[in-house]
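Structure first, commentary second.
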Amino acid sequence: MKITGKTLLRIDRLFWLPHRLSGFLSNAFGKIQKNESNQVLLIKFMGLGSIIHLSSLCNKNNVDRSRVMLLTLEANRPLCDLIGFSNTSFVRTSGLLVFCKDCVRILLSMRQQRPALIIDYERCSHAVGFFRTLLGLIAQSKTLSFEKKRTLSTEKRVIYSIKDFNQEELFLKGIEFLPQAISQTPVRTVEPNPFKILININASNYLLARRYPIDRFAEVIRELHKWNPRLEFYLTGSTEEKSYVELLEKQLTGLPIKNVTGKWDLEKLQRELLTSSLFITCDSGPLHLAVALGASTIAVWGPTQPEHFGYEKIDHLHNISLRLRCAPCFKHPASDPAYACQGRIDCLKELSSTIITNKAKDILSSKQSDSRQQSAPLSIFGKGLSMTDDVKLFQ
């Protein structure tokens with residue numbers, strides 16, 4: 001039976017005591033290798049958007065990825081191939097036995113590779129903290145991690161309190177320890193289609209409370225179509241989200257809607273984001289991909305907020321939020337979202353679609369007179385895009 005994200009979170013609670021005991025043993029008996037390697041291991045299991053954000057920051061800070069290893073879930077393999085994490089070890093979640101087998105395999109492999117440093121980006125996870133400590137003991141490596149309340153620094157491990165950082169600052173704290181590349185990341189220019197709008201109404205099952213109501217998305221599309229009948233709308237999403245997206249499609253009969261849910265892989269999605277005039281989305285993995293690509297984006301925020309990701313001042317990202325006093329209520333995996341509103345998700349249900357529509361009109365109107373060109377790092381491009389000429393792709 002496949003292990004879901006929710007199941008992993010439930011299992012995580014059982015590892016509080018083993019995590020604390022392993023930390024004590026590490027301090028008492030752990031050793032640091034004398035001849036350090038030039039490799040660093042990053043641990044980031046959950047959060048497609050977080051991995052994209054981390055990759056983007058590695059690009060901006062010119063990290064030498066040839067000396068960086070990533071440990072993540074098998075489900076993230078297509079994403080890692082796309083964004084340039086080629087030196088990656090994967091853990092499968094197709095069953096408990098397979099999961100445990102992969103964890104043992106990785107423990108044994110780290111005994112051979114002996115990274116100089118292990119950085120745990122999972123935040124507040126007792127299970128991953130226990131696993132990280134075992135890795136550190138076996139590989140004789142120093143470890144760096146982030147927890148809810150405590151800060152600690154010894155010659156064997158460093159722990160930072162997550163309350164001191166937003167997600168971007170947290171990632172950058174670890175990046176400070178990563179090796180630098182000699183050459184800068186090159187860029188290429190793309191020219192979007194002025195009439196193509198991508199709409200992502202989904203948030204993963206990891207936190208469904210991030211979803212903006214379907215009927216409000218329908219209102220946005222109807223109003224934009226009335227404003228400019230030449231606009232075409234593409235409804236995106238994964239295969240698992242198809243039935244959910246079809247609920248929106250049924251409300252928009254007769255409008256220029258194309259439901260591409262489950263039809264685009266990540267490489268295709270990045271192409272379409274680069275060549276769209278506007279992307280409208282809630283907090284999700286595709287949001288972080290759009291930010292990294294430089295695609296013009298409207299982000300609708302609720303239980304999470306842009307400040308958590310360091311997304312307050314990005315020219316091509318337009319944040320929409322009611323900014324209620326209780327937001328954000330989801331800051332890390334151990335958070336209890338929607339506690340203040342007793343599950344009503346007022347921050348999204350009370351957010352008028354008119355605010356989104358007016359912002360979209362402003363963005364699209366301003367684009368009528370500009371060159372509609374933007375740049376993106378080559379490492380984000382898939383294999384199908386030209387690396388020698390400007391990319392000008394239209395539907």
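So you can find residues: chains in the structure tokens are A, B, ... in the order shown, residues in each start at 1, and ligands are numbered from 1 in order.
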### Task
May I have the residues within 6 Å of region 267-279 of chain A as a ChimeraX atom specification, using only C-alpha atoms and disregarding those fewer than 6 positions away in the same chain?
/A:192-194,196-199,295-297,382
Preceding selection exported with all heavy atoms as an mmCIF file, in the first residue's frame:
data_model
loop_
_atom_site.group_PDB
_atom_site.id
_atom_site.type_symbol
_atom_site.label_atom_id
_atom_site.label_comp_id
_atom_site.auth_asym_id
_atom_site.auth_seq_id
_atom_site.Cartn_x
_atom_site.Cartn_y
_atom_site.Cartn_z
ATOM 1 N N PRO A 192 6.056 35.820 -24.425
ATOM 2 C CA PRO A 192 4.761 35.206 -24.144
ATOM 3 C C PRO A 192 3.680 35.533 -25.178
ATOM 4 O O PRO A 192 3.753 36.534 -25.877
ATOM 5 C CB PRO A 192 4.391 35.787 -22.775
ATOM 6 C CG PRO A 192 5.673 36.275 -22.195
ATOM 7 C CD PRO A 192 6.475 36.747 -23.373
ATOM 8 N N ASN A 193 2.676 34.664 -25.219
ATOM 9 C CA ASN A 193 1.470 34.894 -26.005
ATOM 10 C C ASN A 193 0.558 35.832 -25.207
ATOM 11 O O ASN A 193 0.145 35.486 -24.097
ATOM 12 C CB ASN A 193 0.777 33.559 -26.261
ATOM 13 C CG ASN A 193 -0.496 33.694 -27.066
ATOM 14 O OD1 ASN A 193 -1.101 34.763 -27.121
ATOM 15 N ND2 ASN A 193 -0.921 32.604 -27.673
ATOM 16 N N PRO A 194 0.205 37.005 -25.726
ATOM 17 C CA PRO A 194 -0.560 37.989 -24.939
ATOM 18 C C PRO A 194 -1.984 37.564 -24.593
ATOM 19 O O PRO A 194 -2.637 38.219 -23.784
ATOM 20 C CB PRO A 194 -0.562 39.226 -25.845
ATOM 21 C CG PRO A 194 -0.370 38.697 -27.216
ATOM 22 C CD PRO A 194 0.537 37.511 -27.068
ATOM 23 N N LYS A 196 -2.871 34.195 -23.743
ATOM 24 C CA LYS A 196 -2.902 32.901 -23.057
ATOM 25 C C LYS A 196 -2.824 33.094 -21.543
ATOM 26 O O LYS A 196 -1.869 33.653 -21.012
ATOM 27 C CB LYS A 196 -1.748 32.020 -23.526
ATOM 28 C CG LYS A 196 -1.772 30.621 -22.879
ATOM 29 C CD LYS A 196 -0.820 29.652 -23.560
ATOM 30 C CE LYS A 196 0.610 30.048 -23.340
ATOM 31 N NZ LYS A 196 1.545 29.069 -23.918
ATOM 32 N N ILE A 197 -3.860 32.592 -20.838
ATOM 33 C CA ILE A 197 -3.940 32.675 -19.385
ATOM 34 C C ILE A 197 -3.963 31.262 -18.822
ATOM 35 O O ILE A 197 -4.785 30.442 -19.226
ATOM 36 C CB ILE A 197 -5.218 33.417 -18.923
ATOM 37 C CG1 ILE A 197 -5.413 34.722 -19.695
ATOM 38 C CG2 ILE A 197 -5.171 33.647 -17.415
ATOM 39 C CD1 ILE A 197 -4.363 35.739 -19.450
ATOM 40 N N LEU A 198 -3.069 30.969 -17.894
ATOM 41 C CA LEU A 198 -3.067 29.690 -17.201
ATOM 42 C C LEU A 198 -3.729 29.859 -15.840
ATOM 43 O O LEU A 198 -3.473 30.844 -15.141
ATOM 44 C CB LEU A 198 -1.634 29.160 -17.021
ATOM 45 C CG LEU A 198 -1.087 28.240 -18.113
ATOM 46 C CD1 LEU A 198 -1.102 28.932 -19.476
ATOM 47 C CD2 LEU A 198 0.318 27.771 -17.767
ATOM 48 N N ILE A 199 -4.597 28.896 -15.493
ATOM 49 C CA ILE A 199 -5.309 28.934 -14.217
ATOM 50 C C ILE A 199 -5.024 27.642 -13.459
ATOM 51 O O ILE A 199 -5.257 26.545 -13.970
ATOM 52 C CB ILE A 199 -6.837 29.064 -14.409
ATOM 53 C CG1 ILE A 199 -7.187 30.235 -15.334
ATOM 54 C CG2 ILE A 199 -7.538 29.179 -13.059
ATOM 55 C CD1 ILE A 199 -7.081 31.583 -14.716
ATOM 56 N N ALA A 295 7.679 34.103 -14.682
ATOM 57 C CA ALA A 295 6.383 34.242 -15.351
ATOM 58 C C ALA A 295 5.487 35.203 -14.574
ATOM 59 O O ALA A 295 5.453 35.189 -13.342
ATOM 60 C CB ALA A 295 5.708 32.880 -15.463
ATOM 61 N N SER A 296 4.753 36.034 -15.289
ATOM 62 C CA SER A 296 3.826 36.964 -14.652
ATOM 63 C C SER A 296 2.732 36.180 -13.937
ATOM 64 O O SER A 296 2.012 35.395 -14.559
ATOM 65 C CB SER A 296 3.215 37.887 -15.711
ATOM 66 O OG SER A 296 2.366 38.842 -15.116
ATOM 67 N N THR A 297 2.597 36.394 -12.620
ATOM 68 C CA THR A 297 1.758 35.522 -11.800
ATOM 69 C C THR A 297 0.942 36.309 -10.783
ATOM 70 O O THR A 297 1.435 37.243 -10.158
ATOM 71 C CB THR A 297 2.638 34.504 -11.031
ATOM 72 O OG1 THR A 297 3.398 33.741 -11.968
ATOM 73 C CG2 THR A 297 1.802 33.586 -10.175
ATOM 74 N N GLY A 382 13.700 22.643 -19.939
ATOM 75 C CA GLY A 382 13.748 21.230 -20.278
ATOM 76 C C GLY A 382 14.591 21.008 -21.514
ATOM 77 O O GLY A 382 15.075 21.931 -22.146
#
### Task
Fewer than 2 positions away in the same chain doesn't count, so skip those; otherwise give me all residues within 12 Å of Ser50 (chain A), counting only C-alpha atoms, as a ChimeraX atom specification.
/A:43-48,52-57,72,76,79-80,121-123,167-168,170-171,283-289,291-292,308-309,332
Create the file for the chosen residues now, containing N, CA and C atoms and written as a compact mmCIF listing (two decimals), in the first residue's frame.
# COMPACT_ATOMS: atom_id res chain seq x y z
N ILE A 43 18.69 17.24 2.57
CA ILE A 43 17.51 16.39 2.78
C ILE A 43 16.26 17.24 2.63
N LYS A 44 15.42 16.93 1.65
CA LYS A 44 14.13 17.61 1.49
C LYS A 44 13.16 16.63 0.86
N PHE A 45 12.37 15.97 1.70
CA PHE A 45 11.47 14.94 1.23
C PHE A 45 10.18 15.50 0.65
N MET A 46 9.46 16.30 1.45
CA MET A 46 8.12 16.73 1.05
C MET A 46 8.12 18.19 0.61
N GLY A 47 7.21 18.51 -0.32
CA GLY A 47 7.05 19.89 -0.76
C GLY A 47 7.66 20.15 -2.12
N LEU A 48 6.89 19.87 -3.16
CA LEU A 48 7.36 20.13 -4.53
C LEU A 48 7.73 21.59 -4.70
N ILE A 52 11.48 23.43 -5.59
CA ILE A 52 11.64 24.41 -6.68
C ILE A 52 12.25 25.70 -6.14
N HIS A 53 11.74 26.16 -4.99
CA HIS A 53 12.25 27.38 -4.37
C HIS A 53 13.72 27.22 -4.01
N LEU A 54 14.07 26.08 -3.44
CA LEU A 54 15.46 25.81 -3.08
C LEU A 54 16.35 25.81 -4.32
N SER A 55 15.89 25.17 -5.38
CA SER A 55 16.66 25.12 -6.63
C SER A 55 16.88 26.51 -7.20
N SER A 56 15.83 27.34 -7.17
CA SER A 56 15.94 28.70 -7.67
C SER A 56 16.97 29.50 -6.89
N LEU A 57 16.99 29.34 -5.57
CA LEU A 57 17.96 30.06 -4.74
C LEU A 57 19.38 29.53 -4.99
N THR A 72 15.50 12.87 -1.48
CA THR A 72 14.09 13.23 -1.53
C THR A 72 13.25 12.00 -1.87
N ASN A 76 9.31 12.84 -6.52
CA ASN A 76 9.89 14.10 -6.98
C ASN A 76 10.94 13.92 -8.08
N LEU A 79 10.64 16.18 -11.23
CA LEU A 79 10.96 17.56 -10.90
C LEU A 79 12.46 17.75 -10.77
N CYS A 80 13.13 16.82 -10.08
CA CYS A 80 14.58 16.95 -9.89
C CYS A 80 15.32 16.90 -11.22
N TYR A 121 16.54 20.04 5.56
CA TYR A 121 15.60 21.13 5.27
C TYR A 121 14.15 20.73 5.56
N GLU A 122 13.92 19.57 6.15
CA GLU A 122 12.55 19.11 6.31
C GLU A 122 11.78 19.89 7.38
N ARG A 123 12.46 20.52 8.30
CA ARG A 123 11.85 21.38 9.31
C ARG A 123 10.92 20.64 10.27
N GLN A 167 10.91 30.96 4.93
CA GLN A 167 11.45 29.82 4.19
C GLN A 167 12.68 30.18 3.36
N GLU A 168 12.64 31.34 2.71
CA GLU A 168 13.78 31.74 1.88
C GLU A 168 15.02 31.96 2.74
N LEU A 170 15.64 30.58 5.57
CA LEU A 170 16.04 29.27 6.05
C LEU A 170 16.88 28.55 5.00
N PHE A 171 16.40 28.56 3.74
CA PHE A 171 17.16 27.94 2.66
C PHE A 171 18.52 28.61 2.49
N ASP A 283 -1.50 28.99 -3.54
CA ASP A 283 -0.19 28.52 -3.08
C ASP A 283 -0.05 27.04 -3.43
N SER A 284 0.90 26.73 -4.29
CA SER A 284 1.07 25.36 -4.79
C SER A 284 2.44 25.23 -5.42
N GLY A 285 2.79 24.01 -5.81
CA GLY A 285 4.06 23.79 -6.48
C GLY A 285 4.24 24.62 -7.73
N PRO A 286 3.24 24.66 -8.64
CA PRO A 286 3.37 25.48 -9.85
C PRO A 286 3.61 26.96 -9.57
N LEU A 287 3.11 27.47 -8.44
CA LEU A 287 3.39 28.86 -8.08
C LEU A 287 4.90 29.08 -7.97
N HIS A 288 5.58 28.20 -7.28
CA HIS A 288 7.01 28.35 -7.07
C HIS A 288 7.79 28.18 -8.38
N LEU A 289 7.28 27.32 -9.25
CA LEU A 289 7.91 27.16 -10.56
C LEU A 289 7.76 28.44 -11.36
N VAL A 291 7.41 31.49 -10.20
CA VAL A 291 8.28 32.51 -9.61
C VAL A 291 9.71 32.31 -10.10
N ALA A 292 10.18 31.06 -10.10
CA ALA A 292 11.54 30.77 -10.54
C ALA A 292 11.75 31.10 -12.01
N HIS A 308 6.26 34.26 4.17
CA HIS A 308 6.87 33.01 4.62
C HIS A 308 7.93 32.52 3.62
N PHE A 309 7.73 32.85 2.34
CA PHE A 309 8.64 32.38 1.29
C PHE A 309 9.61 33.47 0.83
N HIS A 332 4.55 25.68 9.19
CA HIS A 332 5.41 24.52 9.07
C HIS A 332 4.56 23.27 9.27
### Query
Where in region 209-313 of chain A does DSSP assign strand (DSSP E or B), given as a ChimeraX atom specification?
/A:232-235,257-259,278-282,297-300
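Picture a line from CA of Lys60 (chain A) to CA of Gln39 (chain A); it runs 19.7 Å.
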### Query
So which residues of region 300-349 of chain A fall under alpha helix (DSSP H) by DSSP, listed as a ChimeraX atom specification?
/A:346-349
### Task
Could you jot down the CA of Ser161 (chain A) to CA of Arg20 (chain A) separation for me, Å, one decimal place?
15.7 Å
### Message
I want to know what sits within 9 Å of Met69 (chain A), based on only C-alpha atoms, with residues of the same chain fewer than 5 positions away left out; could you give that as a PyMOL selection string?
### Response
chain A and resi 39-43+85-89+115
Mind writing the picked residues with all heavy atoms as a CSV table (one decimal), in the first residue's frame?
chain,number,residue,atom,x,y,z
A,39,GLN,N,31.6,17.1,-0.6
A,39,GLN,CA,30.2,16.9,-0.9
A,39,GLN,C,29.4,17.4,0.2
A,39,GLN,O,29.8,17.3,1.4
A,39,GLN,CB,30.0,15.4,-1.2
A,39,GLN,CG,30.7,14.9,-2.5
A,39,GLN,CD,30.1,15.4,-3.8
A,39,GLN,OE1,28.9,15.5,-3.9
A,39,GLN,NE2,30.9,15.9,-4.7
A,40,VAL,N,28.2,17.9,-0.1
A,40,VAL,CA,27.2,18.2,0.9
A,40,VAL,C,25.9,17.5,0.6
A,40,VAL,O,25.5,17.5,-0.6
A,40,VAL,CB,26.9,19.8,0.9
A,40,VAL,CG1,25.8,20.1,1.9
A,40,VAL,CG2,28.2,20.5,1.3
A,41,LEU,N,25.2,16.9,1.6
A,41,LEU,CA,24.0,16.3,1.4
A,41,LEU,C,22.8,17.1,1.9
A,41,LEU,O,22.8,17.6,3.0
A,41,LEU,CB,23.9,14.9,2.1
A,41,LEU,CG,22.6,14.2,2.1
A,41,LEU,CD1,22.3,13.7,0.7
A,41,LEU,CD2,22.6,13.0,3.1
A,42,LEU,N,21.8,17.4,1.0
A,42,LEU,CA,20.6,18.1,1.3
A,42,LEU,C,19.5,17.1,1.5
A,42,LEU,O,19.2,16.3,0.6
A,42,LEU,CB,20.3,19.1,0.3
A,42,LEU,CG,21.3,20.1,-0.1
A,42,LEU,CD1,20.8,21.1,-1.2
A,42,LEU,CD2,21.9,20.9,1.0
A,43,ILE,N,18.7,17.2,2.6
A,43,ILE,CA,17.5,16.4,2.8
A,43,ILE,C,16.3,17.2,2.6
A,43,ILE,O,16.1,18.2,3.4
A,43,ILE,CB,17.5,15.7,4.2
A,43,ILE,CG1,18.8,14.9,4.4
A,43,ILE,CG2,16.3,14.9,4.4
A,43,ILE,CD1,18.9,14.4,5.8
A,85,PHE,N,18.8,18.9,-10.4
A,85,PHE,CA,19.4,18.2,-9.3
A,85,PHE,C,19.6,16.8,-9.8
A,85,PHE,O,18.8,15.8,-9.6
A,85,PHE,CB,18.4,18.1,-8.1
A,85,PHE,CG,18.5,19.3,-7.1
A,85,PHE,CD1,17.4,20.1,-6.9
A,85,PHE,CD2,19.7,19.6,-6.5
A,85,PHE,CE1,17.5,21.2,-6.1
A,85,PHE,CE2,19.8,20.7,-5.7
A,85,PHE,CZ,18.7,21.5,-5.4
A,86,SER,N,20.8,16.6,-10.5
A,86,SER,CA,21.1,15.3,-11.1
A,86,SER,C,21.7,14.3,-10.1
A,86,SER,O,21.5,13.1,-10.3
A,86,SER,CB,22.0,15.5,-12.3
A,86,SER,OG,23.2,16.2,-11.8
A,87,ASN,N,22.4,14.8,-9.1
A,87,ASN,CA,23.0,13.9,-8.1
A,87,ASN,C,22.0,13.7,-6.9
A,87,ASN,O,22.1,14.4,-5.9
A,87,ASN,CB,24.3,14.5,-7.6
A,87,ASN,CG,25.1,13.5,-6.8
A,87,ASN,OD1,24.8,12.4,-6.6
A,87,ASN,ND2,26.1,14.1,-6.1
A,88,THR,N,21.1,12.8,-7.1
A,88,THR,CA,19.9,12.7,-6.2
A,88,THR,C,19.7,11.2,-5.8
A,88,THR,O,19.8,10.3,-6.7
A,88,THR,CB,18.7,13.2,-6.8
A,88,THR,OG1,18.9,14.6,-7.3
A,88,THR,CG2,17.5,13.3,-5.8
A,89,SER,N,19.4,11.0,-4.5
A,89,SER,CA,19.0,9.7,-4.1
A,89,SER,C,17.5,9.7,-3.7
A,89,SER,O,17.1,10.7,-3.1
A,89,SER,CB,19.8,9.3,-2.8
A,89,SER,OG,21.1,9.0,-3.2
A,115,PRO,N,29.7,12.6,3.2
A,115,PRO,CA,29.6,14.0,2.9
A,115,PRO,C,30.2,14.8,4.1
A,115,PRO,O,30.1,14.4,5.2
A,115,PRO,CB,28.1,14.2,2.8
A,115,PRO,CG,27.5,13.1,3.5
A,115,PRO,CD,28.4,12.0,3.4
### Distance criterion (only C-alpha atoms): nearest to Asn27 (chain A) out of A:Cys100, A:Ile83, A:Leu137, A:Val220
A:Leu137
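Excluding Arg344 (chain A) itself and any same-chain residue fewer than 5 positions from it, the protein and nucleic acid residues within 12 Å of it, counting only C-alpha atoms, are Ala209, Arg210, Pro213, Gly302, Pro303, Pro337, Ala338, Tyr339, Lys349 and Glu350 of chain A.
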Please produce a file of the residues just selected, as an mmCIF file, in the first residue's frame, where the atoms kept are all heavy atoms.
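So part-v5.cif came out as:
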data_model
loop_
_atom_site.group_PDB
_atom_site.id
_atom_site.type_symbol
_atom_site.label_atom_id
_atom_site.label_comp_id
_atom_site.auth_asym_id
_atom_site.auth_seq_id
_atom_site.Cartn_x
_atom_site.Cartn_y
_atom_site.Cartn_z
ATOM 1 N N ALA A 209 -6.662 23.275 2.521
ATOM 2 C CA ALA A 209 -7.163 24.576 2.962
ATOM 3 C C ALA A 209 -6.616 25.729 2.127
ATOM 4 O O ALA A 209 -7.119 26.849 2.218
ATOM 5 C CB ALA A 209 -6.817 24.794 4.437
ATOM 6 N N ARG A 210 -5.613 25.488 1.293
ATOM 7 C CA ARG A 210 -5.056 26.543 0.443
ATOM 8 C C ARG A 210 -5.880 26.787 -0.814
ATOM 9 O O ARG A 210 -5.593 27.710 -1.571
ATOM 10 C CB ARG A 210 -3.617 26.184 0.042
ATOM 11 C CG ARG A 210 -2.632 26.172 1.186
ATOM 12 C CD ARG A 210 -1.259 25.723 0.731
ATOM 13 N NE ARG A 210 -1.254 24.325 0.293
ATOM 14 C CZ ARG A 210 -0.188 23.702 -0.186
ATOM 15 N NH1 ARG A 210 0.954 24.358 -0.316
ATOM 16 N NH2 ARG A 210 -0.248 22.428 -0.542
ATOM 17 N N PRO A 213 -12.085 28.984 -3.485
ATOM 18 C CA PRO A 213 -13.319 28.344 -3.936
ATOM 19 C C PRO A 213 -13.473 28.319 -5.457
ATOM 20 O O PRO A 213 -13.167 29.296 -6.150
ATOM 21 C CB PRO A 213 -14.413 29.204 -3.285
ATOM 22 C CG PRO A 213 -13.763 29.770 -2.063
ATOM 23 C CD PRO A 213 -12.341 30.018 -2.453
ATOM 24 N N GLY A 302 -3.951 32.392 1.508
ATOM 25 C CA GLY A 302 -4.888 32.237 2.614
ATOM 26 C C GLY A 302 -4.166 31.783 3.866
ATOM 27 O O GLY A 302 -3.562 32.586 4.570
ATOM 28 N N PRO A 303 -4.207 30.448 4.189
ATOM 29 C CA PRO A 303 -3.508 29.946 5.380
ATOM 30 C C PRO A 303 -1.996 30.135 5.322
ATOM 31 O O PRO A 303 -1.333 30.133 6.354
ATOM 32 C CB PRO A 303 -3.865 28.448 5.382
ATOM 33 C CG PRO A 303 -5.165 28.376 4.630
ATOM 34 C CD PRO A 303 -5.049 29.413 3.555
ATOM 35 N N PRO A 337 -3.561 24.379 11.045
ATOM 36 C CA PRO A 337 -4.202 25.393 10.195
ATOM 37 C C PRO A 337 -5.691 25.544 10.486
ATOM 38 O O PRO A 337 -6.354 24.606 10.904
ATOM 39 C CB PRO A 337 -3.968 24.858 8.785
ATOM 40 C CG PRO A 337 -3.799 23.384 8.949
ATOM 41 C CD PRO A 337 -3.118 23.202 10.270
ATOM 42 N N ALA A 338 -6.186 26.767 10.240
ATOM 43 C CA ALA A 338 -7.614 27.097 10.360
ATOM 44 C C ALA A 338 -8.141 26.909 11.780
ATOM 45 O O ALA A 338 -9.336 26.685 11.975
ATOM 46 C CB ALA A 338 -8.440 26.271 9.368
ATOM 47 N N TYR A 339 -7.285 27.032 12.781
ATOM 48 C CA TYR A 339 -7.733 26.900 14.166
ATOM 49 C C TYR A 339 -8.575 28.107 14.579
ATOM 50 O O TYR A 339 -9.631 27.963 15.186
ATOM 51 C CB TYR A 339 -6.524 26.753 15.092
ATOM 52 C CG TYR A 339 -6.877 26.706 16.552
ATOM 53 C CD1 TYR A 339 -7.337 25.522 17.134
ATOM 54 C CD2 TYR A 339 -6.762 27.843 17.363
ATOM 55 C CE1 TYR A 339 -7.668 25.477 18.487
ATOM 56 C CE2 TYR A 339 -7.093 27.800 18.707
ATOM 57 C CZ TYR A 339 -7.546 26.615 19.266
ATOM 58 O OH TYR A 339 -7.879 26.575 20.598
ATOM 59 N N LYS A 349 -12.502 32.313 1.687
ATOM 60 C CA LYS A 349 -13.928 32.372 1.373
ATOM 61 C C LYS A 349 -14.458 33.803 1.344
ATOM 62 O O LYS A 349 -15.438 34.092 0.647
ATOM 63 C CB LYS A 349 -14.717 31.540 2.387
ATOM 64 C CG LYS A 349 -14.497 30.045 2.214
ATOM 65 C CD LYS A 349 -15.370 29.237 3.143
ATOM 66 C CE LYS A 349 -15.170 27.745 2.919
ATOM 67 N NZ LYS A 349 -16.001 26.915 3.828
ATOM 68 N N GLU A 350 -13.823 34.706 2.082
ATOM 69 C CA GLU A 350 -14.267 36.103 2.103
ATOM 70 C C GLU A 350 -13.499 36.985 1.114
ATOM 71 O O GLU A 350 -13.737 38.190 1.042
ATOM 72 C CB GLU A 350 -14.114 36.661 3.514
ATOM 73 C CG GLU A 350 -15.019 35.976 4.534
ATOM 74 C CD GLU A 350 -14.870 36.542 5.928
ATOM 75 O OE1 GLU A 350 -14.119 37.540 6.081
ATOM 76 O OE2 GLU A 350 -15.499 36.002 6.856
#
#### Entry: Atom pair CA of Val190 (chain A) / CA of Arg77 (chain A): separation (Å)
26.3 Å
### Message
Which residue is closest to Leu293 (chain A)? Choose from A:Thr93, A:Asn59, A:Tyr212, A:Gln113 and count only C-alpha atoms.
### Response
A:Asn59
### Query
Leaving out Ser353 (chain A) and any residue of its chain fewer than 6 positions from it, which residues lie within 12 Å of it when counting only C-alpha atoms, given as a PyMOL selection string?
chain A and resi 212-224+280+300+320-322+359-360
Quick one: everything within 9 Å of Leu178 (chain A), counting only C-alpha atoms, minus sequence neighbours fewer than 4 positions away in the same chain. Send it as a JSON list (two decimals) with C-alpha atoms, in the first residue's frame.
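Now in result_20.json:
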[["chain", "number", "residue", "atom", "x", "y", "z"],
["A", 39, "GLN", "CA", 30.24, 16.92, -0.93],
["A", 40, "VAL", "CA", 27.17, 18.25, 0.91],
["A", 58, "CYS", "CA", 20.83, 27.69, -5.63],
["A", 63, "VAL", "CA", 25.86, 26.85, -6.16],
["A", 64, "ASP", "CA", 28.05, 24.11, -7.64],
["A", 65, "ARG", "CA", 25.47, 21.35, -7.98],
["A", 67, "ARG", "CA", 29.15, 18.78, -5.30],
["A", 68, "VAL", "CA", 25.61, 18.76, -3.88],
["A", 174, "GLY", "CA", 21.99, 26.35, 4.49]]
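Of the listed residues (A:His316, A:Asn61, A:Leu70, A:Asn259), A:Asn61 comes nearest to Ala181 (chain A); the distances count only C-alpha atoms.
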